[in-house]
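The next block is upload17.txt, given as compact mmCIF, C-alpha atoms.
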```txt
# COMPACT_ATOMS: atom_id res chain seq x y z
CA MET W 16 17.96 15.98 5.85
CA ASN W 17 19.38 18.62 3.48
CA TRP W 18 21.51 19.94 6.33
CA LEU W 19 22.83 16.43 7.01
CA ASN W 20 23.67 15.94 3.34
CA SER W 21 25.79 19.08 3.46
CA LEU W 22 28.11 17.66 6.13
CA ASN W 23 31.19 15.53 5.42
CA PHE W 24 31.02 11.85 6.33
CA ALA W 25 33.44 12.02 9.26
CA THR W 26 31.35 14.78 10.84
CA LEU W 27 28.18 12.76 10.28
CA ALA W 28 29.80 9.75 11.95
CA PHE W 29 30.84 11.83 14.94
CA LEU W 30 27.35 13.32 15.28
CA ALA W 31 25.83 9.85 15.06
CA GLY W 32 28.23 8.69 17.78
CA LEU W 33 27.15 11.64 19.91
CA PHE W 34 23.54 10.58 19.37
CA THR W 35 24.16 7.01 20.54
CA TRP W 36 26.02 8.39 23.55
CA ALA W 37 23.08 10.70 24.25
CA ILE W 38 20.78 7.67 24.43
CA THR W 39 23.17 6.11 26.95
CA ILE W 40 22.91 9.32 28.97
CA LEU W 41 19.12 9.18 28.69
CA GLY W 42 19.14 5.59 29.95
CA SER W 43 21.36 6.58 32.85
CA SER W 44 18.98 9.43 33.77
CA ILE W 45 16.35 6.83 34.71
CA VAL W 46 18.16 6.70 38.03
CA PHE W 47 16.51 10.03 38.95
CA LEU W 48 13.01 8.67 38.32
CA PHE W 49 12.96 5.01 39.29
CA LYS W 50 14.83 2.47 41.30
CA ASN W 51 13.89 -0.07 38.65
CA VAL W 52 12.32 0.04 35.16
CA HIS W 53 9.57 -2.39 34.16
CA LYS W 54 11.25 -5.42 32.63
CA SER W 55 8.80 -5.77 29.74
CA ILE W 56 9.59 -2.24 28.50
CA MET W 57 13.34 -2.91 28.58
CA ASP W 58 12.95 -6.31 26.92
CA GLY W 59 10.73 -4.88 24.18
CA MET W 60 13.36 -2.22 23.41
CA LEU W 61 16.07 -4.88 23.29
CA GLY W 62 13.97 -7.01 20.93
CA LEU W 63 13.33 -4.06 18.61
CA ALA W 64 17.02 -3.10 18.60
CA SER W 65 17.96 -6.72 17.86
CA GLY W 66 15.87 -6.74 14.69
CA VAL W 67 17.22 -3.38 13.51
CA MET W 68 20.82 -4.46 14.09
CA LEU W 69 20.40 -7.86 12.40
CA ALA W 70 18.94 -6.26 9.27
CA ALA W 71 21.62 -3.55 9.32
CA SER W 72 24.32 -6.21 9.57
CA PHE W 73 23.41 -7.43 6.10
CA TRP W 74 21.97 -4.51 4.13
CA SER W 75 24.08 -1.71 5.59
CA LEU W 76 27.34 -3.59 6.19
CA LEU W 77 27.77 -7.01 4.55
CA SER W 78 26.08 -6.26 1.24
CA PRO W 79 28.12 -3.07 0.63
CA ALA W 80 31.26 -4.99 1.71
CA LEU W 81 30.67 -7.67 -0.93
CA GLU W 82 29.97 -5.04 -3.59
CA MET W 83 33.16 -3.16 -2.80
CA CYS W 84 35.17 -6.39 -2.87
CA GLU W 85 33.96 -6.88 -6.43
CA ASN W 86 34.91 -3.31 -7.39
CA LEU W 87 38.37 -3.69 -5.82
CA HIS W 88 38.86 -7.18 -7.31
CA LEU W 89 39.10 -8.77 -3.85
CA ASN W 90 37.88 -12.22 -2.87
CA GLY W 91 34.42 -11.33 -1.54
CA TRP W 92 33.50 -14.45 0.40
CA LEU W 93 36.94 -14.69 2.02
CA THR W 94 37.09 -11.01 2.99
CA ALA W 95 33.55 -11.07 4.39
CA SER W 96 34.13 -14.33 6.26
CA LEU W 97 37.37 -13.18 7.86
CA GLY W 98 35.85 -9.82 8.77
CA LEU W 99 32.75 -11.44 10.30
CA LEU W 100 34.84 -13.89 12.27
CA GLY W 101 37.20 -11.13 13.42
CA GLY W 102 34.33 -8.98 14.71
CA GLY W 103 32.77 -11.90 16.55
CA LEU W 104 36.06 -13.11 18.03
CA PHE W 105 36.93 -9.60 19.19
CA LEU W 106 33.86 -9.46 21.41
CA PHE W 107 34.12 -13.16 22.32
CA LEU W 108 37.63 -12.66 23.70
CA GLY W 109 36.52 -9.49 25.48
CA ASP W 110 33.72 -11.45 27.16
CA LYS W 111 36.11 -14.22 28.19
CA ILE W 112 38.56 -11.77 29.73
CA TYR W 113 35.73 -10.11 31.63
CA GLN W 114 34.44 -13.48 32.90
CA ILE W 115 37.91 -14.44 34.15
CA ILE W 116 38.25 -11.14 36.00
CA ARG W 117 34.74 -11.48 37.42
CA LYS W 118 35.46 -14.99 38.77
CA GLU W 119 38.63 -13.77 40.43
CA LYS W 120 36.76 -10.87 42.02
CA GLN W 121 33.50 -12.71 42.85
CA ASN W 122 34.09 -12.49 46.60
CA ASN W 123 35.06 -8.82 46.51
CA THR W 124 33.03 -5.76 47.49
CA LYS W 125 30.03 -4.31 45.66
CA LYS W 126 32.25 -1.45 44.51
CA LYS W 127 34.58 -3.80 42.65
CA ARG W 128 31.68 -5.73 41.12
CA SER W 129 30.23 -2.45 39.87
CA LEU W 130 33.62 -1.52 38.40
CA MET W 131 33.67 -4.74 36.39
CA LEU W 132 30.22 -3.95 35.01
CA ILE W 133 31.29 -0.45 33.99
CA ILE W 134 34.45 -1.71 32.25
CA SER W 135 32.55 -4.46 30.44
CA ILE W 136 29.86 -2.15 28.99
CA THR W 137 32.39 0.56 28.13
CA LEU W 138 34.56 -1.88 26.15
CA HIS W 139 31.44 -3.29 24.55
CA ASN W 140 30.60 0.19 23.23
CA ILE W 141 33.83 0.49 21.20
CA PRO W 142 32.90 -1.88 18.32
CA GLU W 143 29.41 -0.38 18.28
CA GLY W 144 30.94 3.06 17.74
CA LEU W 145 33.21 1.66 15.04
CA ALA W 146 30.18 0.11 13.31
CA VAL W 147 28.48 3.52 13.16
CA GLY W 148 31.64 5.18 11.88
CA VAL W 149 32.17 2.55 9.20
CA ALA W 150 28.56 2.84 8.04
CA PHE W 151 28.87 6.61 7.57
CA GLY W 152 32.37 6.38 6.13
CA SER W 153 31.16 3.93 3.48
CA LEU W 154 28.78 6.61 2.15
CA GLY W 155 31.80 8.15 0.45
CA TYR W 156 31.95 5.25 -2.01
CA ASN W 157 28.35 5.30 -3.35
CA LEU W 158 27.74 1.62 -2.68
CA ASN W 159 24.33 -0.02 -3.03
CA GLY W 160 22.77 -0.28 0.42
CA ALA W 161 25.13 2.34 1.83
CA THR W 162 22.70 5.24 2.15
CA LEU W 163 22.31 8.04 4.64
CA ALA W 164 18.94 6.61 5.71
CA SER W 165 20.43 3.18 6.40
CA ALA W 166 23.37 4.65 8.32
CA LEU W 167 20.99 6.76 10.40
CA MET W 168 18.83 3.72 11.17
CA LEU W 169 21.90 1.76 12.19
CA ALA W 170 22.79 4.54 14.62
CA LEU W 171 19.19 4.52 15.86
CA GLY W 172 19.29 0.75 16.45
CA ILE W 173 22.51 0.98 18.42
CA GLY W 174 21.16 3.98 20.28
CA ILE W 175 18.02 2.07 21.30
CA GLN W 176 20.01 -0.74 22.85
CA ASN W 177 22.25 1.80 24.60
CA PHE W 178 19.28 2.96 26.68
CA PRO W 179 19.11 -0.20 28.81
CA GLU W 180 22.91 -0.29 28.95
CA GLY W 181 22.98 3.15 30.58
CA SER W 182 20.31 2.01 33.01
CA ALA W 183 22.18 -1.25 33.65
CA ILE W 184 25.06 0.76 35.11
CA SER W 185 23.33 3.60 36.93
CA LEU W 186 20.51 1.62 38.57
CA PRO W 187 22.74 -1.03 40.23
CA LEU W 188 25.09 1.72 41.44
CA LYS W 189 22.20 3.53 43.07
CA ARG W 190 20.91 0.27 44.54
CA ASP W 191 24.35 -0.29 46.08
CA GLY W 192 24.12 3.06 47.89
CA MET W 193 25.65 5.55 45.47
CA LYS W 194 24.05 8.99 45.16
CA SER W 195 21.78 9.44 42.14
CA PHE W 196 23.86 12.11 40.37
CA LYS W 197 27.10 10.17 40.70
CA ALA W 198 25.43 6.97 39.45
CA PHE W 199 24.02 8.95 36.50
CA LEU W 200 27.41 10.48 35.71
CA ILE W 201 29.23 7.14 35.70
CA GLY W 202 26.52 5.49 33.60
CA SER W 203 26.65 8.37 31.12
CA LEU W 204 30.44 8.31 30.79
CA SER W 205 30.39 4.62 29.85
CA GLY W 206 29.17 5.66 26.39
CA ILE W 207 31.71 8.41 25.72
CA VAL W 208 33.85 5.97 23.73
CA GLU W 209 31.17 5.69 21.03
CA PRO W 210 31.55 9.10 19.32
CA ILE W 211 35.34 8.72 19.50
CA ALA W 212 35.22 5.23 17.94
CA SER W 213 32.70 6.45 15.34
CA LEU W 214 35.02 9.22 14.21
CA ILE W 215 38.03 6.87 14.06
CA GLY W 216 36.08 4.27 12.06
CA ALA W 217 34.87 6.84 9.53
CA ILE W 218 38.31 8.41 9.04
CA LEU W 219 39.99 5.03 8.56
CA VAL W 220 37.60 3.81 5.86
CA LEU W 221 37.64 7.18 4.09
CA LYS W 222 41.43 7.35 4.02
CA ILE W 223 42.24 3.70 3.32
CA ARG W 224 39.85 2.41 0.66
CA TYR W 225 41.03 -1.20 0.73
CA LEU W 226 40.22 -1.49 4.44
CA LEU W 227 36.54 -0.71 3.98
CA PRO W 228 35.24 -4.20 3.04
CA SER W 229 37.04 -5.77 5.99
CA PHE W 230 35.86 -3.03 8.35
CA LEU W 231 32.26 -3.39 7.17
CA ALA W 232 32.35 -7.17 7.70
CA PHE W 233 34.12 -6.75 11.07
CA ALA W 234 31.39 -4.36 12.23
CA ALA W 235 28.71 -6.79 11.03
CA GLY W 236 30.34 -9.66 12.93
CA ALA W 237 30.57 -7.60 16.11
CA MET W 238 26.93 -6.55 15.86
CA ILE W 239 25.67 -10.07 15.15
CA TYR W 240 27.62 -11.32 18.16
CA VAL W 241 26.05 -8.65 20.40
CA VAL W 242 22.56 -9.47 19.13
CA VAL W 243 22.86 -13.26 19.44
CA GLN W 244 24.88 -13.39 22.65
CA GLU W 245 23.28 -10.54 24.60
CA LEU W 246 20.22 -8.76 23.24
CA ILE W 247 17.98 -11.62 22.09
CA PRO W 248 18.75 -13.90 25.09
CA GLU W 249 18.05 -11.02 27.48
CA SER W 250 14.76 -10.14 25.78
CA GLN W 251 13.75 -13.82 25.88
CA THR W 252 13.95 -13.95 29.68
CA ASN W 253 10.61 -12.15 29.58
CA LYS W 254 7.46 -14.20 30.31
CA ARG W 255 6.05 -13.02 26.96
CA LYS W 256 8.75 -14.56 24.78
CA ASP W 257 6.40 -14.63 21.80
CA LEU W 258 5.76 -10.89 22.01
CA MET W 259 9.48 -10.14 22.39
CA ALA W 260 10.15 -12.22 19.25
CA LEU W 261 7.60 -10.09 17.38
CA PHE W 262 9.40 -6.94 18.50
CA THR W 263 12.59 -8.37 16.95
CA ILE W 264 10.76 -9.03 13.67
CA PHE W 265 9.26 -5.52 13.72
CA GLY W 266 12.73 -4.05 14.14
CA PHE W 267 14.05 -6.15 11.26
CA ILE W 268 11.17 -5.07 9.00
CA ILE W 269 11.66 -1.38 9.83
CA MET W 270 15.35 -1.54 8.91
CA MET W 271 14.68 -3.65 5.80
CA ILE W 272 12.09 -1.20 4.50
CA LEU W 273 14.43 1.75 4.97
CA ASP W 274 17.30 -0.07 3.26
CA VAL W 275 15.41 -1.71 0.39
CA ALA W 276 12.44 0.56 -0.30
CA LEU W 277 14.02 3.91 0.51
CA GLY W 278 17.68 3.08 -0.17
```

As structure tokens, what does this structure read like?
Amino acid sequence: MNWLNSLNFATLAFLAGLFTWAITILGSSIVFLFKNVHKSIMDGMLGLASGVMLAASFWSLLSPALEMCENLHLNGWLTASLGLLGGGLFLFLGDKIYQIIRKEKQNNTKKKRSLMLIISITLHNIPEGLAVGVAFGSLGYNLNGATLASALMLALGIGIQNFPEGSAISLPLKRDGMKSFKAFLIGSLSGIVEPIASLIGAILVLKIRYLLPSFLAFAAGAMIYVVVQELIPESQTNKRKDLMALFTIFGFIIMMILDVALG
């Protein structure tokens, strides 16, 4: 931890982005071991990540955004609302564009269907990387709730949900006849945008102070959209919905303790 404290915030953001990418690579490596991974394990991980990301959306992103609005004499509720809506709409429009393309290509080959999946998950990783970068960039302003521990946990939560995303690319590619190493490589590369986006997000909020509240709220909106639209619904397709819900609560509690008790 002392070594981490000695690094500048942009470097920390980049390293955190590399970590989340590494988890994507780890998820993609499953292709060498299994043709499929037990659904309950994947769903439990998604439930846990959902709780972590929901808690992080408030304590690590929204709460510091509101505090900084007060310090900068900005309208807090308006800035947070617009940022939240912007983050959600960004992913909403991305999903709509993907659905339109998928409908147009629904009768095409397996190769083209796989390409759509790769593009969708890669684009989805950009706001996640920005969220990590913004969380680490905000450490430069000494805001309540913006701590190294909370930023690290946010990166951990995003990393956890990157594991099934890496698998979601590599396993179908292998099932469609692609060699294991190539499927692993493509799945791994889908997450390369995260460290790049993390670095960009951190640099922007460190250089342009007035952008930080909006960026924090935008990242929170994007994460809440991902959790509500993708992670929780996917985890609830499990037969043990009650257990998956508990995993979500456990994830929320873990993040809350780190933010409130240790922050």

Nearest candidate to Ser43 (chain W) (options W:Gly62, W:Gly181, W:Pro142, W:Pro79; using all atoms listed in the file): W:Gly181

Closest atom pairs, residues of region 81-116 of chain W within 12 Å of region 245-267 of chain W, all atoms listed in the file, as JSON lines:
```
{"residue": "W:Leu106", "atom": "CA", "partner": "W:Glu245", "partner_atom": "CA", "distance": 11.1}
{"residue": "W:Phe107", "atom": "CA", "partner": "W:Glu245", "partner_atom": "CA", "distance": 11.4}
{"residue": "W:Asp110", "atom": "CA", "partner": "W:Glu245", "partner_atom": "CA", "distance": 10.8}
```

Export of prior selection with C-alpha atoms as a tab-separated table (two decimals), in the frame of the given file:
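Generated output (selection.tsv):
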```
chain	number	residue	atom	x	y	z
W	106	LEU	CA	33.86	-9.46	21.41
W	107	PHE	CA	34.12	-13.16	22.32
W	110	ASP	CA	33.72	-11.45	27.16
```

Best match for closeness to Gly66 (chain W) among W:Met168, W:Phe230, W:Leu214, W:Gly202, counting only C-alpha atoms: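 Nearest candidate to Gly66 (chain W) out of W:Met168, W:Phe230, W:Leu214, W:Gly202: W:Met168.
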
Pick from W:Leu171, W:Ile133, W:Leu87, W:Ala71 nearest to Leu204 (chain W), counting all atoms listed in the file: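 Answer, going by the shortest atom-to-atom distance: W:Ile133.
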
W:Tyr156, W:Phe233, W:Tyr240, W:Phe178 ranked by distance to Ala64 (chain W), top pick (using all atoms listed in the file): W:Phe178

Point-to-point distance in Å for CA of Trp36 (chain W) and CA of Phe24 (chain W): 18.3 Å
